[in-house]
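Structure file query-v1.txt with compact mmCIF, C-alpha atoms and all ligand atoms:
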# COMPACT_ATOMS: atom_id res chain seq x y z
CA MET A 138 6.83 12.92 32.60
CA SER A 139 5.17 9.60 33.38
CA HIS A 140 4.91 6.90 30.78
CA ARG A 141 1.92 4.60 30.59
CA TRP A 142 1.67 1.18 28.95
CA ALA A 143 -1.24 -1.18 28.41
CA ALA A 144 -1.37 -4.52 26.61
CA PRO A 145 -5.06 -5.44 26.42
CA THR A 146 -6.20 -8.77 25.01
CA ALA A 147 -9.69 -7.62 23.98
CA LEU A 148 -10.70 -4.90 21.51
CA ALA A 149 -13.16 -3.32 23.98
CA ASP A 150 -10.40 -2.92 26.56
CA ALA A 151 -8.07 -1.26 24.04
CA LEU A 152 -10.80 1.11 22.93
CA GLY A 153 -11.53 1.90 26.58
CA VAL A 154 -7.92 2.94 27.26
CA LEU A 155 -7.76 4.95 24.03
CA ALA A 156 -11.02 6.73 24.96
CA THR A 157 -10.03 7.64 28.50
CA ASP A 158 -6.37 8.55 27.87
CA PRO A 159 -6.21 11.27 25.22
CA GLY A 160 -2.44 10.91 24.78
CA ALA A 161 -2.57 7.16 24.19
CA ARG A 162 -1.40 5.75 20.84
CA PRO A 163 -1.64 2.17 19.59
CA VAL A 164 1.46 0.20 18.69
CA ALA A 165 1.22 -2.97 16.58
CA GLY A 166 4.60 -4.20 15.28
CA GLY A 167 6.43 -1.05 16.43
CA THR A 168 8.59 -0.95 13.27
CA ASP A 169 7.53 2.65 12.56
CA LEU A 170 6.61 3.98 16.00
CA VAL A 171 9.46 2.52 18.04
CA VAL A 172 12.12 2.59 15.34
CA GLY A 173 11.20 6.22 14.52
CA SER A 174 11.71 7.22 18.14
CA ARG A 175 15.03 5.38 18.41
CA GLN A 176 16.21 7.19 15.28
CA GLY A 177 15.18 10.52 16.84
CA ARG A 178 12.47 11.28 14.27
CA ARG A 179 9.76 11.77 16.91
CA PRO A 180 9.43 10.96 20.61
CA LEU A 181 7.48 7.97 21.79
CA PRO A 182 3.97 8.90 22.98
CA ASP A 183 3.59 9.16 26.78
CA SER A 184 0.98 6.44 26.70
CA ILE A 185 1.19 3.33 24.54
CA VAL A 186 -1.46 0.67 23.96
CA ALA A 187 0.03 -2.52 22.54
CA ILE A 188 -2.60 -4.03 20.24
CA ASP A 189 -0.69 -7.07 19.03
CA ARG A 190 -2.46 -9.50 21.40
CA ILE A 191 -6.00 -8.59 20.36
CA PRO A 192 -7.63 -11.50 18.50
CA GLU A 193 -10.30 -9.27 16.91
CA LEU A 194 -7.53 -7.50 14.94
CA ALA A 195 -5.85 -10.69 13.75
CA GLY A 196 -6.57 -13.12 10.93
CA GLN A 197 -7.99 -12.97 7.44
CA ARG A 198 -11.17 -14.25 5.83
CA ALA A 199 -12.76 -14.56 2.39
CA ASP A 200 -16.31 -13.20 2.37
CA PRO A 201 -19.10 -14.77 0.28
CA ASP A 202 -19.04 -11.80 -2.14
CA GLY A 203 -15.41 -12.66 -2.99
CA SER A 204 -13.82 -9.86 -1.01
CA LEU A 205 -10.83 -10.51 1.22
CA VAL A 206 -10.98 -9.13 4.75
CA LEU A 207 -7.58 -8.53 6.34
CA GLY A 208 -7.20 -7.99 10.08
CA ALA A 209 -5.13 -4.92 10.99
CA LEU A 210 -2.40 -7.17 12.38
CA THR A 211 -1.88 -8.98 9.08
CA SER A 212 1.88 -9.03 8.46
CA HIS A 213 3.68 -8.15 5.26
CA ALA A 214 5.13 -11.68 5.28
CA TRP A 215 1.63 -13.14 5.14
CA LEU A 216 0.53 -10.76 2.36
CA ALA A 217 3.60 -11.58 0.28
CA SER A 218 3.02 -15.33 0.32
CA ALA A 219 -0.70 -16.06 0.81
CA ASP A 220 -2.13 -17.82 -2.27
CA ALA A 221 -5.27 -15.67 -2.26
CA VAL A 222 -3.28 -12.43 -2.34
CA VAL A 223 -0.74 -13.61 -4.90
CA SER A 224 -3.43 -14.93 -7.25
CA SER A 225 -6.03 -12.16 -7.03
CA TRP A 226 -4.54 -9.02 -5.45
CA THR A 227 -1.05 -9.51 -6.84
CA ALA A 228 0.07 -5.87 -6.52
CA LEU A 229 -0.45 -6.15 -2.76
CA ALA A 230 1.83 -9.20 -2.66
CA ASP A 231 4.39 -7.33 -4.84
CA ALA A 232 4.41 -4.46 -2.35
CA ALA A 233 4.50 -6.50 0.86
CA ALA A 234 7.30 -8.69 -0.53
CA ILE A 235 9.72 -5.75 -0.76
CA VAL A 236 9.05 -4.03 2.58
CA GLY A 237 12.28 -3.70 4.58
CA SER A 238 13.85 -7.03 5.45
CA PRO A 239 12.46 -10.44 6.44
CA ALA A 240 12.36 -9.17 10.06
CA THR A 241 10.43 -6.03 9.07
CA ARG A 242 7.98 -8.10 7.04
CA GLY A 243 7.42 -10.55 9.87
CA THR A 244 6.79 -7.81 12.44
CA GLY A 245 5.31 -4.88 10.50
CA THR A 246 1.55 -4.89 10.01
CA LEU A 247 -0.91 -3.74 7.38
CA GLY A 248 -2.72 -1.51 9.90
CA GLY A 249 0.56 0.15 10.89
CA ASN A 250 1.57 0.69 7.27
CA ILE A 251 -1.72 2.47 6.52
CA MET A 252 -2.00 4.47 9.75
CA ASN A 253 1.62 5.61 9.70
CA ALA A 254 0.45 7.66 6.68
CA SER A 255 3.79 7.74 4.91
CA PRO A 256 3.69 8.88 1.27
CA ALA A 257 6.04 5.94 0.64
CA ALA A 258 3.88 3.29 2.38
CA GLU A 259 4.21 0.26 0.18
CA THR A 260 0.81 -1.43 0.57
CA VAL A 261 -1.35 1.67 0.17
CA GLY A 262 -1.12 2.09 -3.64
CA PRO A 263 -2.21 -1.53 -4.21
CA LEU A 264 -5.06 -1.11 -1.72
CA ILE A 265 -6.19 2.12 -3.40
CA VAL A 266 -6.34 0.65 -6.91
CA ALA A 267 -8.21 -2.37 -5.51
CA GLY A 268 -10.84 -0.07 -4.00
CA ALA A 269 -10.10 -1.26 -0.45
CA VAL A 270 -12.06 0.08 2.49
CA ALA A 271 -10.77 0.40 6.07
CA THR A 272 -12.86 0.08 9.22
CA LEU A 273 -12.09 2.70 11.87
CA VAL A 274 -13.50 2.33 15.35
CA SER A 275 -13.77 4.33 18.55
CA SER A 276 -15.31 3.26 21.84
CA THR A 277 -18.71 4.50 20.61
CA ALA A 278 -18.72 4.28 16.80
CA LYS A 279 -17.51 2.41 13.77
CA ARG A 280 -17.21 3.68 10.20
CA GLN A 281 -15.90 2.60 6.82
CA LEU A 282 -13.48 4.81 4.93
CA ALA A 283 -11.82 4.20 1.57
CA VAL A 284 -8.11 3.51 2.12
CA ALA A 285 -7.53 6.30 -0.43
CA GLU A 286 -8.99 8.76 2.09
CA VAL A 287 -7.23 7.58 5.25
CA ALA A 288 -3.98 9.55 4.87
CA THR A 289 -4.40 13.33 4.66
CA GLY A 290 -0.68 14.24 4.69
CA PRO A 291 2.64 12.82 5.87
CA GLY A 292 1.94 11.24 9.27
CA ARG A 293 -1.64 12.57 9.35
CA THR A 294 -4.86 10.58 8.95
CA ALA A 295 -8.58 11.26 8.70
CA ALA A 296 -9.15 9.37 11.96
CA THR A 297 -10.93 11.69 14.40
CA ALA A 298 -9.87 12.09 18.05
CA GLY A 299 -10.80 8.87 19.80
CA GLU A 300 -11.14 7.00 16.52
CA LEU A 301 -7.73 5.51 16.99
CA LEU A 302 -8.06 1.98 15.79
CA LEU A 303 -8.14 0.58 12.32
CA THR A 304 -9.56 -2.90 12.82
CA GLU A 305 -9.67 -4.40 9.33
CA VAL A 306 -9.39 -3.72 5.61
CA ARG A 307 -11.83 -5.10 3.05
CA VAL A 308 -10.45 -5.63 -0.45
CA PRO A 309 -13.20 -6.21 -3.06
CA ALA A 310 -12.96 -9.12 -5.49
CA PRO A 311 -11.12 -8.11 -8.67
CA PRO A 312 -13.16 -8.29 -11.90
CA GLU A 313 -12.65 -11.06 -14.47
CA GLY A 314 -9.77 -10.50 -16.89
CA SER A 315 -7.89 -8.13 -14.59
CA GLY A 316 -4.40 -8.05 -13.14
CA SER A 317 -2.36 -5.71 -10.97
CA ALA A 318 1.27 -4.94 -10.20
CA TYR A 319 3.35 -2.69 -7.96
CA VAL A 320 6.77 -1.49 -9.12
CA ARG A 321 9.08 0.83 -7.22
CA LEU A 322 12.33 2.53 -8.05
CA GLU A 323 14.79 1.53 -5.37
CA TYR A 324 18.51 2.16 -4.98
CA ARG A 325 19.14 -1.21 -3.33
CA ALA A 326 17.23 -4.47 -3.04
CA ALA A 327 16.57 -4.62 0.74
CA MET A 328 16.05 -2.22 3.66
CA GLU A 329 14.83 0.36 1.19
CA ILE A 330 11.82 2.58 0.71
CA ALA A 331 10.38 3.72 -2.59
CA VAL A 332 12.05 6.66 -4.32
CA VAL A 333 9.06 6.51 -6.66
CA GLY A 334 6.46 3.75 -6.88
CA ALA A 335 3.56 2.93 -9.18
CA THR A 336 0.67 0.52 -8.82
CA ALA A 337 -1.28 -0.46 -11.92
CA PHE A 338 -4.56 -2.31 -12.26
CA VAL A 339 -5.62 -3.34 -15.77
CA ALA A 340 -8.85 -5.06 -16.85
CA LEU A 341 -8.86 -6.43 -20.39
CA ASP A 342 -11.62 -7.24 -22.86
CA GLY A 343 -10.86 -9.91 -25.45
CA SER A 344 -7.70 -12.00 -25.49
CA ALA A 345 -4.10 -11.04 -26.07
CA GLY A 346 -0.65 -11.20 -24.59
CA GLY A 347 -0.20 -8.36 -22.12
CA ASP A 348 2.86 -7.16 -24.02
CA GLY A 349 0.55 -6.18 -26.85
CA SER A 350 2.15 -8.62 -29.27
CA ALA A 351 -1.32 -9.89 -30.15
CA ALA A 352 -3.32 -6.71 -30.12
CA ARG A 353 -6.77 -8.27 -30.07
CA ALA A 354 -7.45 -7.23 -26.49
CA THR A 355 -8.43 -3.77 -25.38
CA ILE A 356 -8.12 -2.16 -21.99
CA ARG A 357 -11.57 -1.99 -20.39
CA GLU A 358 -10.33 -0.11 -17.34
CA ALA A 359 -7.02 1.00 -15.90
CA ARG A 360 -6.24 2.38 -12.45
CA ILE A 361 -2.90 3.84 -11.44
CA ALA A 362 -1.63 5.02 -8.05
CA LEU A 363 1.65 6.88 -7.50
CA THR A 364 3.77 6.39 -4.38
CA ALA A 365 6.30 8.85 -2.92
CA VAL A 366 5.60 11.70 -5.34
CA ALA A 367 3.12 13.77 -3.28
CA PRO A 368 2.18 14.27 0.41
CA THR A 369 -0.16 11.28 0.09
CA ILE A 370 -0.39 8.39 -2.35
CA ILE A 371 -2.42 9.63 -5.31
CA ARG A 372 -4.38 8.31 -8.29
CA ALA A 373 -3.10 9.31 -11.73
CA THR A 374 -6.52 9.83 -13.30
CA ALA A 375 -5.34 11.61 -16.47
CA ALA A 376 -3.12 8.64 -17.27
CA GLU A 377 -5.92 6.17 -16.48
CA GLU A 378 -8.28 7.93 -18.89
CA ARG A 379 -5.77 7.67 -21.75
CA LEU A 380 -5.76 3.89 -21.50
CA ALA A 381 -9.45 3.00 -21.72
CA GLY A 382 -10.24 1.36 -25.07
CA ARG A 383 -6.61 1.09 -26.17
CA SER A 384 -4.53 -1.98 -26.91
CA PRO A 385 -2.32 -3.04 -24.01
CA ASP A 386 0.91 -2.23 -25.82
CA ALA A 387 4.17 -0.45 -25.07
CA ALA A 388 3.07 2.76 -26.82
CA ALA A 389 -0.06 3.02 -24.68
CA PHE A 390 1.89 2.34 -21.49
CA ALA A 391 4.54 4.92 -22.40
CA ALA A 392 1.88 7.56 -23.11
CA ALA A 393 0.22 6.81 -19.78
CA GLY A 394 3.59 7.12 -18.04
CA GLN A 395 4.09 10.54 -19.63
CA ALA A 396 0.61 11.67 -18.61
CA ALA A 397 1.20 10.52 -15.02
CA ALA A 398 4.54 12.35 -14.87
CA ALA A 399 3.04 15.53 -16.31
CA ALA A 400 0.29 15.56 -13.68
CA ALA A 401 2.55 14.88 -10.68
CA SER A 402 4.37 17.49 -8.56
CA PRO A 403 7.19 15.53 -6.93
CA ILE A 404 9.58 17.20 -4.49
CA SER A 405 13.37 17.21 -4.26
CA ASP A 406 14.89 15.64 -1.15
CA VAL A 407 17.98 13.71 -0.12
CA ARG A 408 16.85 10.67 -2.06
CA ALA A 409 16.10 12.24 -5.46
CA SER A 410 15.56 15.55 -7.23
CA ALA A 411 12.08 16.47 -8.42
CA GLU A 412 13.27 16.22 -12.04
CA TYR A 413 14.64 12.72 -11.52
CA ARG A 414 11.47 11.62 -9.75
CA ARG A 415 9.32 12.97 -12.59
CA ALA A 416 11.43 11.14 -15.18
CA MET A 417 11.20 7.94 -13.14
CA ILE A 418 7.40 8.18 -12.79
CA GLU A 419 7.19 7.60 -16.55
CA VAL A 420 9.35 4.50 -16.23
CA VAL A 421 7.70 2.86 -13.22
CA VAL A 422 4.17 3.57 -14.47
CA ALA A 423 4.91 1.97 -17.86
CA ARG A 424 6.53 -1.05 -16.20
CA ALA A 425 3.73 -1.51 -13.67
CA LEU A 426 1.15 -1.30 -16.47
CA SER A 427 3.06 -3.86 -18.53
CA ALA A 428 3.25 -6.31 -15.61
CA ALA A 429 -0.42 -5.78 -14.70
CA ALA A 430 -1.58 -6.29 -18.31
CA ARG A 431 0.49 -9.47 -18.65
CA ARG A 432 -1.06 -10.81 -15.48
CA ALA A 433 -4.53 -9.81 -16.73
CA ALA A 434 -3.83 -11.83 -19.88
CA GLY A 435 -2.84 -14.86 -17.79
CA GLU A 436 0.93 -14.60 -18.12
CA ASP A 437 3.09 -15.42 -15.14
CA VAL A 438 4.90 -12.36 -13.83
CA PRO A 439 6.61 -13.42 -10.62
CA VAL A 440 6.18 -11.64 -7.29
CA PRO A 441 7.67 -9.13 -6.63
CA ALA A 442 7.06 -7.43 -9.98
CA SER A 443 9.63 -4.77 -9.07
CA ARG A 444 12.48 -7.23 -9.50
CA TRP A 445 10.98 -8.57 -12.73
CA ALA A 446 10.37 -5.09 -14.15
CA HIS A 447 13.88 -3.83 -13.53
CA GLY A 448 15.51 -6.93 -14.94
CA GLN A 449 13.63 -7.03 -18.20
CA GLU A 450 12.68 -4.69 -21.03
CA VAL A 451 9.00 -3.81 -21.25
C1 LIG B 1 14.21 -1.28 8.65
C2 LIG B 1 12.84 -0.88 8.20
C3 LIG B 1 12.51 -0.95 6.87
C4 LIG B 1 11.24 -0.56 6.43
N1 LIG B 1 10.94 -0.67 5.10
C5 LIG B 1 9.71 -0.29 4.68
C6 LIG B 1 9.37 -0.40 3.29
O1 LIG B 1 10.17 -0.85 2.46
N2 LIG B 1 8.13 0.00 2.92
C7 LIG B 1 7.22 0.47 3.82
O2 LIG B 1 6.10 0.80 3.42
N3 LIG B 1 7.51 0.59 5.12
C8 LIG B 1 8.73 0.22 5.57
N4 LIG B 1 9.04 0.33 6.89
C9 LIG B 1 8.04 0.90 7.79
C10 LIG B 1 7.20 -0.12 8.59
O3 LIG B 1 7.86 -1.36 8.74
C11 LIG B 1 5.83 -0.40 7.97
O4 LIG B 1 5.14 0.81 7.74
C12 LIG B 1 4.97 -1.31 8.85
O5 LIG B 1 3.89 -1.80 8.12
C13 LIG B 1 4.45 -0.60 10.08
O6 LIG B 1 3.66 -1.51 10.84
P1 LIG B 1 3.82 -1.66 12.42
O7 LIG B 1 2.79 -2.61 12.86
O8 LIG B 1 5.21 -1.96 12.79
O9 LIG B 1 3.45 -0.16 12.87
P2 LIG B 1 3.69 0.55 14.27
O10 LIG B 1 5.08 1.07 14.35
O11 LIG B 1 3.21 -0.31 15.38
O12 LIG B 1 2.69 1.77 14.10
C14 LIG B 1 2.85 2.73 13.07
C15 LIG B 1 1.81 3.84 13.23
O13 LIG B 1 0.50 3.32 13.00
C16 LIG B 1 -0.30 3.38 14.19
N5 LIG B 1 -1.03 2.11 14.20
C17 LIG B 1 -0.53 0.85 14.13
N6 LIG B 1 -1.53 -0.05 14.04
C18 LIG B 1 -2.68 0.66 14.10
C19 LIG B 1 -4.07 0.30 14.06
N7 LIG B 1 -4.48 -0.97 13.92
N8 LIG B 1 -4.99 1.29 14.16
C20 LIG B 1 -4.61 2.58 14.28
N9 LIG B 1 -3.33 2.98 14.30
C21 LIG B 1 -2.38 2.03 14.22
C22 LIG B 1 0.64 3.61 15.34
O14 LIG B 1 0.04 4.34 16.40
C23 LIG B 1 1.75 4.41 14.66
O15 LIG B 1 1.38 5.77 14.55
C24 LIG B 1 10.30 -0.07 7.35
C25 LIG B 1 10.64 0.01 8.71
C26 LIG B 1 11.89 -0.38 9.14
C27 LIG B 1 12.23 -0.30 10.60

Rendering of file as structure tokens:
Amino acid sequence: MSHRWAAPTALADALGVLATDPGARPVAGGTDLVVGSRQGRRPLPDSIVAIDRIPELAGQRADPDGSLVLGALTSHAWLASADAVVSSWTALADAAAIVGSPATRGTGTLGGNIMNASPAAETVGPLIVAGAVATLVSSTAKRQLAVAEVATGPGRTAATAGELLLTEVRVPAPPEGSGSAYVRLEYRAAMEIAVVGATAFVALDGSAGGDGSAARATIREARIALTAVAPTIIRATAAEERLAGRSPDAAAFAAAGQAAAAAASPISDVRASAEYRRAMIEVVVARALSAAARRAAGEDVPVPASRWAHGQEV
């Protein structure tokens, strides 16, 4: 078997190789593709196109409509510390800040995290609740697809044959009075993946502390995504619907956690039983909602919210 390798420095050249070599696969940071092969999970593809030197996939920009456009090569380290992300898309910073180790965060990319299509991919829940849209390109076409629709199962995406590159992700501006948070259950603080994770987005009307102590505010809209409880990362719509119009208090968050757990069908595996996962969905959903509502109300909940949530009662 012959192995092929290309390291183009222009997007058109990468797309050309991917179009003419049906077995070719892109590699960005290699922290999933290469590490997975070394651990024996799956063999390396026969043909690899390194995309890490392509300027069109790098960088970030703020668009005039307030959305943030992230190049596919954006690293977790950048997402965890960039002022724009921490202030406006805080759940994304929460998620990126707890990926792997400092080395993983410096090398692993946003594009790789999405296209690896893991049900435990950290950044995907925050992107889904933010309504983010990915751009997928082939040598002949370009289309936009909601990040929520990119993964179709573990390791499988909606990208068609030839449509092998995700070039960028557009994250719309969050509405006034909103906040977001990502909380995962983890057995250790580093080199870990989510046993269960929850992302919450909360938009408030009126003014109140997010803990509900001053119950003058009501929840205008809530969005919840669940990580590592289904073949893909999913929205918990029944739980979201329970929150609209309610005060952002512990009782509302607990009820939403119960609704999310009731609607989920987690599996048992080496990391947790289905029963334990279901019980933990309630906990992480309530904690993510609490952190998101506090942020929506202007309180300072430090990044990553996971560490805050597990160290403090909600
Ligand atoms: C020790 C360790 C700890 C980790 N911890 C976490 C964790 O806590 N949370 C978590 O979510 N992940 C974790 N990961 C997984 C991994 O680091 C992330 O998913 C990372 O974002 C992958 O990015 P990458 O650039 O390295 O992907 P790569 O390995 O380069 O690629 C991954 C997949 O995506 C495809 N791909 C990459 N870029 C593109 C693109 N632009 N367009 C189309 N396809 C593309 C590749 O073909 C491949 O199939 C960990 C990995 C390691 C090794």

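With distances restricted to all atoms listed in the file, A:Val320 is the closest residue to Arg424 (chain A) from A:Thr244, A:Ala359, A:Val320, A:Pro385.
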
Between CA of Ala258 (chain A) and CA of Ala230 (chain A), what is the distance in Å, rounded to a tenth?
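According to the coordinates, CA of Ala258 (chain A) and CA of Ala230 (chain A) are separated by 13.6 Å.
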
Residues contacting ligand LIG 1 (chain B) - anything with an atom at most 8 Å away, using all atoms listed in the file - can you give me those as a PyMOL selection string?
chain A and resi 162-173+188+194+209-210+212-213+232-233+235-238+241-242+244-255+257-260+273+292+301-305+327-331

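Among the candidate residues A:Arg353, A:Ala365, A:Gln395, A:Ala401, the one lying nearest to Ala434 (chain A) is A:Arg353, with distances computed using only C-alpha atoms.
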
In terms of the shortest atom-to-atom distance over all atoms listed in the file, which of A:Leu216, A:Ala295, A:Ala156, A:Ala149 is closest to Gly196 (chain A)?
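Closest to Gly196 (chain A) of all the choices is A:Leu216.
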
CA of Ala397 (chain A) to CA of Ala442 (chain A) measures 19.5 Å

Smallest atom-to-atom distance to Ser315 (chain A): which of A:Ala228, A:Ala143, A:Val274, A:Leu152, using only C-alpha atoms?
A:Ala228

Do you have the CA of Val223 (chain A)-CA of Ala354 (chain A) distance handy?
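A separation of 23.5 Å between them.
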
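The closest residue to Val422 (chain A), picked from A:Glu377, A:Asp158, A:Asp183, A:Asp437 and counting all atoms listed in the file, is A:Glu377.
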
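Closest to Gln281 (chain A) among A:Leu322, A:Ile418, A:Ala161, A:Ala269 is A:Ala269, based on all atoms listed in the file.
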
At a cut-off of 10 Å around the point (-10.6, 6.5, 0.7) (file coordinates), what residues fall inside when counting all atoms listed in the file? I'd like the answer as a PyMOL selection string.
chain A and resi 264-265+268-271+281-288+295

Would you pick out the contacts of Leu363 (chain A) at 6 Å or less, using all atoms listed in the file, so that residues sharing its chain but fewer than 4 positions from it are not included, and give the list as a PyMOL selection string?
chain A and resi 334-335+370-371
